[in-house]
Structure formats: structure tokens, C-alpha cells
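Student: My structure is stored as entry-v8.cif, with mmCIF, C-alpha atoms and all ligand atoms.
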```cif
data_run
#
loop_
_atom_site.group_PDB
_atom_site.id
_atom_site.type_symbol
_atom_site.label_atom_id
_atom_site.label_comp_id
_atom_site.auth_asym_id
_atom_site.auth_seq_id
_atom_site.Cartn_x
_atom_site.Cartn_y
_atom_site.Cartn_z
ATOM 1 C CA MET U 11 -3.666 85.503 3.672
ATOM 2 C CA ALA U 12 -3.032 88.737 5.575
ATOM 3 C CA ARG U 13 -5.894 91.166 5.343
ATOM 4 C CA CYS U 14 -5.223 94.056 3.014
ATOM 5 C CA ILE U 15 -5.844 97.466 4.546
ATOM 6 C CA GLY U 16 -5.891 100.542 2.348
ATOM 7 C CA VAL U 17 -4.428 103.768 3.698
ATOM 8 C CA LEU U 18 -5.543 106.931 1.938
ATOM 9 C CA ALA U 19 -2.194 108.349 0.810
ATOM 10 C CA LEU U 20 -3.094 111.656 -0.820
ATOM 11 C CA GLN U 21 -1.700 113.764 2.032
ATOM 12 C CA GLY U 22 -0.972 113.555 5.748
ATOM 13 C CA ASP U 23 0.666 110.955 7.972
ATOM 14 C CA PHE U 24 -0.253 107.843 5.976
ATOM 15 C CA ARG U 25 3.246 106.324 6.363
ATOM 16 C CA GLU U 26 2.904 106.170 10.149
ATOM 17 C CA HIS U 27 -0.436 104.385 9.756
ATOM 18 C CA ALA U 28 1.126 101.927 7.304
ATOM 19 C CA LEU U 29 3.851 101.115 9.855
ATOM 20 C CA SER U 30 1.305 100.532 12.638
ATOM 21 C CA LEU U 31 -0.725 98.259 10.358
ATOM 22 C CA GLU U 32 2.347 96.294 9.292
ATOM 23 C CA ARG U 33 3.197 95.790 12.964
ATOM 24 C CA CYS U 34 -0.261 94.196 13.310
ATOM 25 C CA GLY U 35 0.528 91.821 10.450
ATOM 26 C CA ALA U 36 -1.654 93.525 7.830
ATOM 27 C CA SER U 37 -0.707 93.856 4.228
ATOM 28 C CA VAL U 38 -0.920 97.579 3.439
ATOM 29 C CA ARG U 39 -1.924 99.329 0.235
ATOM 30 C CA GLU U 40 -1.464 103.068 -0.255
ATOM 31 C CA ILE U 41 -4.587 104.471 -1.908
ATOM 32 C CA ARG U 42 -4.108 107.186 -4.513
ATOM 33 C CA THR U 43 -6.313 106.068 -7.379
ATOM 34 C CA LEU U 44 -9.601 104.268 -7.881
ATOM 35 C CA GLN U 45 -7.858 101.019 -8.870
ATOM 36 C CA ASP U 46 -5.980 101.004 -5.557
ATOM 37 C CA LEU U 47 -9.292 100.424 -3.755
ATOM 38 C CA ASP U 48 -9.801 97.067 -5.477
ATOM 39 C CA GLY U 49 -9.866 94.201 -2.997
ATOM 40 C CA VAL U 50 -9.071 96.103 0.205
ATOM 41 C CA ASP U 51 -10.645 94.731 3.401
ATOM 42 C CA GLY U 52 -10.474 97.945 5.410
ATOM 43 C CA LEU U 53 -9.544 101.589 5.105
ATOM 44 C CA VAL U 54 -7.612 104.216 7.077
ATOM 45 C CA LEU U 55 -8.188 107.944 6.653
ATOM 46 C CA PRO U 56 -5.083 109.526 8.190
ATOM 47 C CA GLY U 57 -4.408 112.767 9.968
ATOM 48 C CA GLY U 58 -3.257 115.748 7.961
ATOM 49 C CA GLU U 59 -5.250 118.609 6.540
ATOM 50 C CA SER U 60 -8.887 117.764 5.912
ATOM 51 C CA THR U 61 -9.416 120.611 3.418
ATOM 52 C CA VAL U 62 -6.553 119.353 1.224
ATOM 53 C CA MET U 63 -7.599 115.705 1.507
ATOM 54 C CA GLY U 64 -11.204 116.593 0.681
ATOM 55 C CA ARG U 65 -10.114 118.502 -2.411
ATOM 56 C CA LEU U 66 -7.787 115.714 -3.588
ATOM 57 C CA LEU U 67 -10.431 113.026 -2.963
ATOM 58 C CA THR U 68 -12.741 114.950 -5.289
ATOM 59 C CA GLU U 69 -10.047 115.639 -7.910
ATOM 60 C CA GLU U 70 -8.953 111.985 -8.009
ATOM 61 C CA GLY U 71 -12.535 110.741 -8.344
ATOM 62 C CA LEU U 72 -12.233 108.939 -5.016
ATOM 63 C CA MET U 73 -14.851 110.771 -2.963
ATOM 64 C CA GLU U 74 -17.902 108.793 -4.077
ATOM 65 C CA PRO U 75 -16.185 105.361 -4.170
ATOM 66 C CA VAL U 76 -14.758 105.867 -0.661
ATOM 67 C CA ARG U 77 -18.169 107.028 0.569
ATOM 68 C CA ALA U 78 -19.721 103.898 -0.936
ATOM 69 C CA LEU U 79 -17.171 101.680 0.843
ATOM 70 C CA CYS U 80 -17.916 103.416 4.166
ATOM 71 C CA ARG U 81 -21.627 102.773 3.611
ATOM 72 C CA SER U 82 -21.028 99.163 2.542
ATOM 73 C CA GLY U 83 -19.936 98.154 6.041
ATOM 74 C CA MET U 84 -16.186 97.992 5.395
ATOM 75 C CA PRO U 85 -14.211 98.754 8.567
ATOM 76 C CA VAL U 86 -12.905 102.307 8.443
ATOM 77 C CA LEU U 87 -10.596 104.112 10.871
ATOM 78 C CA GLY U 88 -10.364 107.906 10.638
ATOM 79 C CA THR U 89 -7.908 109.854 12.772
ATOM 80 C CA CYS U 90 -7.997 113.619 13.293
ATOM 81 C CA ALA U 91 -8.393 115.043 9.760
ATOM 82 C CA GLY U 92 -9.815 111.599 8.926
ATOM 83 C CA MET U 93 -12.476 112.125 11.588
ATOM 84 C CA ILE U 94 -13.298 115.518 10.053
ATOM 85 C CA LEU U 95 -13.642 113.940 6.589
ATOM 86 C CA LEU U 96 -16.071 111.386 7.997
ATOM 87 C CA ALA U 97 -18.223 113.894 9.921
ATOM 88 C CA LYS U 98 -21.730 114.465 8.641
ATOM 89 C CA THR U 99 -21.881 117.983 10.103
ATOM 90 C CA LEU U 100 -19.201 120.685 10.233
ATOM 91 C CA PRO U 101 -21.138 123.690 11.545
ATOM 92 C CA GLU U 102 -18.377 126.211 10.780
ATOM 93 C CA PHE U 103 -17.484 124.818 7.329
ATOM 94 C CA PRO U 104 -20.702 123.346 5.922
ATOM 95 C CA ASP U 105 -19.392 123.366 2.343
ATOM 96 C CA GLN U 106 -16.040 121.690 3.031
ATOM 97 C CA PRO U 107 -15.838 118.611 0.746
ATOM 98 C CA ARG U 108 -15.933 115.429 2.814
ATOM 99 C CA ILE U 109 -17.201 111.874 2.995
ATOM 100 C CA GLY U 110 -19.786 112.796 5.628
ATOM 101 C CA CYS U 111 -21.213 109.407 6.534
ATOM 102 C CA LEU U 112 -20.568 109.350 10.292
ATOM 103 C CA ASP U 113 -23.375 110.966 12.251
ATOM 104 C CA ILE U 114 -21.352 113.430 14.313
ATOM 105 C CA SER U 115 -20.962 117.181 14.387
ATOM 106 C CA VAL U 116 -17.324 118.276 14.590
ATOM 107 C CA VAL U 117 -15.474 121.499 15.374
ATOM 108 C CA ARG U 118 -12.058 121.721 13.690
ATOM 109 C CA ASN U 119 -8.961 122.936 15.538
ATOM 110 C CA ALA U 120 -10.948 122.910 18.768
ATOM 111 C CA PHE U 121 -7.859 122.918 21.000
ATOM 112 C CA GLY U 122 -6.087 125.824 19.326
ATOM 113 C CA ARG U 123 -3.069 126.055 17.054
ATOM 114 C CA GLN U 124 -0.140 123.757 16.283
ATOM 115 C CA THR U 125 1.726 125.075 19.319
ATOM 116 C CA ASP U 126 -1.176 124.032 21.544
ATOM 117 C CA SER U 127 -0.722 120.377 20.557
ATOM 118 C CA PHE U 128 -0.362 117.980 23.473
ATOM 119 C CA SER U 129 -0.190 114.361 24.563
ATOM 120 C CA THR U 130 -2.266 112.886 27.361
ATOM 121 C CA GLU U 131 -3.438 109.587 28.804
ATOM 122 C CA LEU U 132 -6.993 108.685 27.858
ATOM 123 C CA ALA U 133 -9.348 105.945 29.017
ATOM 124 C CA VAL U 134 -11.002 104.290 26.020
ATOM 125 C CA SER U 135 -13.870 101.776 26.066
ATOM 126 C CA GLY U 136 -14.247 98.859 23.710
ATOM 127 C CA PHE U 137 -10.634 97.718 23.377
ATOM 128 C CA GLY U 138 -10.134 95.480 26.379
ATOM 129 C CA GLY U 139 -8.301 96.783 29.431
ATOM 130 C CA ASP U 140 -9.257 96.917 33.100
ATOM 131 C CA GLU U 141 -12.282 95.482 34.913
ATOM 132 C CA LYS U 142 -14.421 98.428 33.719
ATOM 133 C CA GLY U 143 -13.524 97.542 30.132
ATOM 134 C CA GLN U 144 -11.370 100.612 29.744
ATOM 135 C CA ARG U 145 -7.939 100.731 28.240
ATOM 136 C CA THR U 146 -5.555 103.596 28.957
ATOM 137 C CA VAL U 147 -3.865 104.879 25.826
ATOM 138 C CA GLN U 148 -1.411 107.678 25.143
ATOM 139 C CA ALA U 149 -3.227 110.149 22.902
ATOM 140 C CA VAL U 150 -1.469 112.791 20.811
ATOM 141 C CA PHE U 151 -3.655 115.757 19.872
ATOM 142 C CA ILE U 152 -2.386 117.936 17.007
ATOM 143 C CA ARG U 153 -4.690 120.777 15.982
ATOM 144 C CA ALA U 154 -7.345 118.273 16.855
ATOM 145 C CA PRO U 155 -11.073 118.417 16.266
ATOM 146 C CA ILE U 156 -13.684 117.812 18.941
ATOM 147 C CA VAL U 157 -17.019 116.081 18.599
ATOM 148 C CA GLN U 158 -19.756 118.519 19.500
ATOM 149 C CA ASP U 159 -22.731 116.285 18.964
ATOM 150 C CA THR U 160 -23.440 112.652 18.156
ATOM 151 C CA GLY U 161 -26.435 111.151 16.374
ATOM 152 C CA GLU U 162 -28.369 108.036 17.247
ATOM 153 C CA GLY U 163 -26.301 104.872 16.958
ATOM 154 C CA VAL U 164 -22.992 106.630 17.615
ATOM 155 C CA GLU U 165 -21.140 105.155 20.573
ATOM 156 C CA VAL U 166 -18.854 107.477 22.531
ATOM 157 C CA LEU U 167 -15.746 105.464 23.474
ATOM 158 C CA SER U 168 -13.705 108.192 25.110
ATOM 159 C CA CYS U 169 -14.026 111.776 26.266
ATOM 160 C CA PHE U 170 -11.451 114.443 27.008
ATOM 161 C CA GLU U 171 -12.565 117.262 29.312
ATOM 162 C CA GLY U 172 -16.127 116.000 28.967
ATOM 163 C CA ARG U 173 -16.257 115.985 25.184
ATOM 164 C CA PRO U 174 -16.111 112.939 22.876
ATOM 165 C CA VAL U 175 -12.757 112.268 21.186
ATOM 166 C CA ALA U 176 -13.303 108.631 20.138
ATOM 167 C CA VAL U 177 -16.572 107.453 18.592
ATOM 168 C CA ARG U 178 -17.881 104.500 16.672
ATOM 169 C CA GLN U 179 -20.901 104.000 14.480
ATOM 170 C CA LYS U 180 -21.126 100.415 13.263
ATOM 171 C CA ASN U 181 -18.125 99.876 10.955
ATOM 172 C CA ILE U 182 -16.673 103.370 11.363
ATOM 173 C CA LEU U 183 -14.251 104.291 14.136
ATOM 174 C CA ALA U 184 -13.125 107.911 14.415
ATOM 175 C CA LEU U 185 -10.492 109.357 16.749
ATOM 176 C CA ALA U 186 -9.618 113.020 17.304
ATOM 177 C CA PHE U 187 -6.059 111.966 18.219
ATOM 178 C CA HIS U 188 -3.190 110.069 16.545
ATOM 179 C CA PRO U 189 -2.571 106.458 17.665
ATOM 180 C CA GLU U 190 -0.224 106.040 14.685
ATOM 181 C CA LEU U 191 2.283 108.343 16.429
ATOM 182 C CA THR U 192 2.503 106.039 19.466
ATOM 183 C CA PRO U 193 3.234 102.312 19.905
ATOM 184 C CA GLU U 194 -0.496 101.722 20.602
ATOM 185 C CA LEU U 195 -1.917 99.215 18.091
ATOM 186 C CA CYS U 196 -5.405 98.429 19.457
ATOM 187 C CA PHE U 197 -7.208 100.694 16.984
ATOM 188 C CA HIS U 198 -5.377 99.318 13.949
ATOM 189 C CA ARG U 199 -5.940 95.780 15.218
ATOM 190 C CA TRP U 200 -9.655 96.554 15.436
ATOM 191 C CA LEU U 201 -9.659 97.074 11.645
ATOM 192 C CA LEU U 202 -8.246 93.585 11.151
ATOM 193 C CA GLU U 203 -10.638 91.958 13.594
ATOM 194 C CA GLN U 204 -13.854 93.198 11.973
HETATM 195 N N1 LIG P 301 -6.603 120.696 11.856
HETATM 196 C C1 LIG P 301 -6.596 119.723 10.804
HETATM 197 C C2 LIG P 301 -7.822 119.871 9.917
HETATM 198 O O1 LIG P 301 -8.638 120.683 10.165
HETATM 199 C C3 LIG P 301 -6.506 118.317 11.360
HETATM 200 C C4 LIG P 301 -5.197 118.130 12.089
HETATM 201 C C5 LIG P 301 -4.680 116.741 12.112
HETATM 202 O O2 LIG P 301 -5.093 115.859 11.364
HETATM 203 N N2 LIG P 301 -3.679 116.559 12.948
HETATM 204 O O3 LIG P 301 -7.955 119.160 8.973
#
```
Take the structure in the file and write it out as C-alpha cells.
Ligand code: GLN
Tutor:
Amino acid sequence: MARCIGVLALQGDFREHALSLERCGASVREIRTLQDLDGVDGLVLPGGESTVMGRLLTEEGLMEPVRALCRSGMPVLGTCAGMILLAKTLPEFPDQPRIGCLDISVVRNAFGRQTDSFSTELAVSGFGGDEKGQRTVQAVFIRAPIVQDTGEGVEVLSCFEGRPVAVRQKNILALAFHPELTPELCFHRWLLEQ
């Protein structure tokens, strides 16, 4: 049976993630309530607005259950706002509601405003590729965060201008950019391969 991947669908670009996952052959479930989490094999936290998603996660009673799934070892992919939700430390917004179980410190909107959004080629480790084990992907940054600091056990998979933009800690993969807006499927496939 196809693996069932849940996509948090409270806000943000969850439909694009669902399309990428379907292209990988996953069965996709949009997550809006506690019951939706039943039986999923993996989880995507999409891009969007982390403050809104954090508030809705709390209001819908999903914050603690999602945190528990992240801690249980379930594969989780967070992109952009999803990365912010996963970050343990947000120095500028310490009280912003979030899942907080990935040991990174993140600065929101680190590249400026919406109009400063951009797309660039990035070399990423850990997803096949050339003889150095690096794959070149097209990365779309939209009011993207940057990883300022990483804790022990956090692997840096890619940097942009010297700062981490793709990291992994065990079962949690977090990207500052948006693979769901490009044909690139390696990150969604990773969820299915865990
Ligand atoms: N700037 C947004 C935030 O702080 C994230 C932007 C995005 O997900 N594209 O939540």
C-alpha cells in the first residue's frame, strides 16, 4: 500500500506539497484535525506564515500531538515557515508558538521582504548527485528564514552565502526554501524512504 503522508493544511502552500507527494506515489492526507493524524507515516509542515500556523495548531489542539509525532521518530519535512515551526530557538520571537523540537536557532525573514524573494541553484548533500554526493537543486526563497546556529546532532546539508538553509536531525528535515514550487522531488521522496 502507498505510504500515507500527512500535510498540515491549516494555512500556507499545502496543495503544492500534496502534488509533489502524489508525484512520488504517496497517498496524501490533509491534516486539519486530530483525527486526521491517525495512521499517517510521515508529515509535511508547509511554507506560509509561521505565526498563523502556530496559532491554528494551538487552537485546533494539534500542537502537542504533532510535537509528539516529531519526537516519536516519524519522518517530518518542514519548509520555510515549517522550518520556523520546528526550530527550538527563535531569538527575536521567543514566545512565538511552535513545535520547537529541532535543535536550531532561526532568524525569520532573514533575506528581506516579499519583493526580495529569489530563486537560485543550491548544492545539497544527502540526496545522491555527483561524485561528492551533492545534488544541485533549484531553490526558491520567499521571505525565507536562515539558520543561525545548530545544536549537536544537526547535520547541515546545504548552505547559502555561508549559512545553513537545509538541515537534518534524525527524522526531521528542514529547508529554508520551497522544493514544492519546483519539479524537484528528492526531499518528498526522502519522506517515503524513511
Ligand atoms: N516569513 C514567513 C514566516 O515568518 C515564512 C515564509 C514562507 O514560508 N515562505 O513565517
Student: Give me the result of the PyMOL selection byres (((chain U and resi 49-55) around 6) and not hetatm) on this file, residue by residue, as a list of chain:residue names.
Tutor: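 Applying the PyMOL selection byres (((chain U and resi 49-55) around 6) and not hetatm) to the structure shown produces U:Cys14, U:Ile15, U:Gly16, U:Val17, U:Leu18, U:Leu47, U:Asp48, U:Pro56, U:Met84, U:Pro85, U:Val86, U:Leu87, U:Gly88, U:Gly92.
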Student: Report the residues retrieved by the PyMOL selection byres (((not hetatm)) within 12 of (chain P and resi 301)) from the displayed file, expressed as a ChimeraX atom specification.
Tutor: /U:21-24,55-65,88-97,100,102-103,106-108,116-128,149-156,184-191
Student: If I take CA of Asn181 (chain U) and CA of Gln158 (chain U), how far is one from the other in Å, to one decimal?
Tutor: 20.6 Å
Student: Kindly indicate which residue among U:Asp113, U:Glu70, U:Glu141, U:Glu131 lies nearest to Val164 (chain U), using all atoms listed in the file for the distances.
Tutor: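 Ranking U:Asp113, U:Glu70, U:Glu141, U:Glu131 by distance to Val164 (chain U), first place goes to U:Asp113.
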Student: What gap, in Å, lies between CA of Gly35 (chain U) and CA of Phe137 (chain U)?
Tutor: 18.1 Å
Student: Could you list the residues chosen by the PyMOL selection byres (((chain U and resi 34) around 8) and not hetatm) in this structure as a ChimeraX atom specification?
Tutor: /U:30-33,35-36,195,198-199
Student: For CA of Asp105 (chain U) and CA of Val157 (chain U), determine how far apart the two atoms are, in Å to one decimal place.
Tutor: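 It comes out at 18.0 Å.
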Student: Could you name the residues that touch Gly138 (chain U) at 12 Å or less, counting only C-alpha atoms, but leaving out those on the same chain fewer than 2 positions away, as an NGL selection string?
Tutor: :U and (133-136 or 140-147 or 167 or 196-197 or 199-200)
Student: Which of these, U:Gly83, U:Pro75, U:Gly161, U:Pro174, has the shortest distance to Leu201 (chain U) once you count all atoms listed in the file?
Tutor: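 Ranking U:Gly83, U:Pro75, U:Gly161, U:Pro174 by distance to Leu201 (chain U), first place goes to U:Gly83.
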Student: From the options U:Leu29, U:Leu202, U:Leu132, U:Leu67, which residue's atoms come nearest to Gly172 (chain U), counting only C-alpha atoms?
Tutor: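 Smallest separation from Gly172 (chain U) among the options: U:Leu132.
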Student: Edge lengths and centre in Å to one decimal, as JSON, is what I'm after for the box along x, y and z that holds all listed atoms of region 15-31 of chain U once 6 Å is added on each side.
Tutor:
```
{"center_x": -1.0, "center_y": 105.6, "center_z": 5.9, "size_x": 21.7, "size_y": 28.3, "size_z": 25.5}
```
